[in-house]
Amino acid sequence: MPNKQFRVDRLAQQIQREVDDILLKRVRDPRVQGVTITDVDVTGDLQQATIFYSILSDKASVGQKAQEGLDKATGLIRSELGARLNIFKTPELKFERDPSVAYGSRIDELINKLHQQEK
């Protein structure tokens, strides 16, 4: 069974690289400019992939527009993946904003406040 998990992890890495490349070179929607793919989670049966992304802005409107742009480009991204990957069936794609980036930023902010209070 470890061989199967290795294949899932390898496919997730490959999807992450390819989606990043597709977003840079093929998707022309200005709403997805500045989107960074942070992680990909592929199910064990390779049928679904959740793609986690981050954006630099903390504004809710920018995040909403980026999500809408990614949702609209899902068909193009999936068809490009199908052409680039050597697998039997291209997984269904779902984009989710990665909360860990905002969480890390918040922790960094709190640590900086503590250092300011010590001085």
# chains A, B, ... in the order shown; residues from 1 in each chain; ligands from 1
$ closest_atom_pairs --of "segment 2-101 of chain A" --to "segment 106-112 of chain A" --cutoff "12 Å" --atoms "only C-alpha atoms" --output "tab-separated table"
residue	atom	partner	partner_atom	distance
A:Asp58	CA	A:Arg106	CA	11.0
A:Pro99	CA	A:Arg106	CA	10.8
A:Ser100	CA	A:Arg106	CA	9.7
A:Val101	CA	A:Arg106	CA	8.7
$ residues_around --residues "segment 39-46 of chain A" --least-positions-apart "2" --cutoff "8 Å" --atoms "only C-alpha atoms" --output "PyMOL selection string"
chain A and resi 4-5+8-9+11-13+15-16+37+48-53+91
$ closest_residue --among "A:Ile55, A:Leu23, A:Gln116, A:Ala73" --to "Val35 of chain A" --atoms "only C-alpha atoms"
A:Ile55
$ select_by_dssp --residues "chain A" --states "alpha helix (DSSP H)" --output "ChimeraX atom specification"
/A:2-25,60-84,99-118
$ atom_distance --atom1 "atom CA of Glu18 of chain A" --atom2 "atom CA of Leu85 of chain A"
8.6 Å
$ closest_residue --among "A:Lys89, A:Arg7, A:Arg78, A:Lys119" --to "Arg26 of chain A" --atoms "only C-alpha atoms"
A:Arg78
$ select_by_dssp --residues "segment 6-81 of chain A" --states "strand (DSSP E or B)" --output "ChimeraX atom specification"
/A:36-42,48-54
$ closest_residue --among "A:Gln64, A:Ser54, A:Thr90, A:Asn3" --to "Ile77 of chain A" --atoms "only C-alpha atoms"
A:Thr90
$ closest_residue --among "A:Pro30, A:Gly104, A:Lys113, A:Arg10" --to "Lys65 of chain A" --atoms "only C-alpha atoms"
A:Pro30
$ closest_residue --among "A:His115, A:Arg84, A:Lys94, A:Arg17" --to "Glu68 of chain A" --atoms "only C-alpha atoms"
A:Lys94
$ atom_distance --atom1 "atom CA of Gln67 of chain A" --atom2 "atom CA of Arg97 of chain A"
7.8 Å
$ atom_distance --atom1 "atom CA of Glu80 of chain A" --atom2 "atom CA of Ile22 of chain A"
7.5 Å
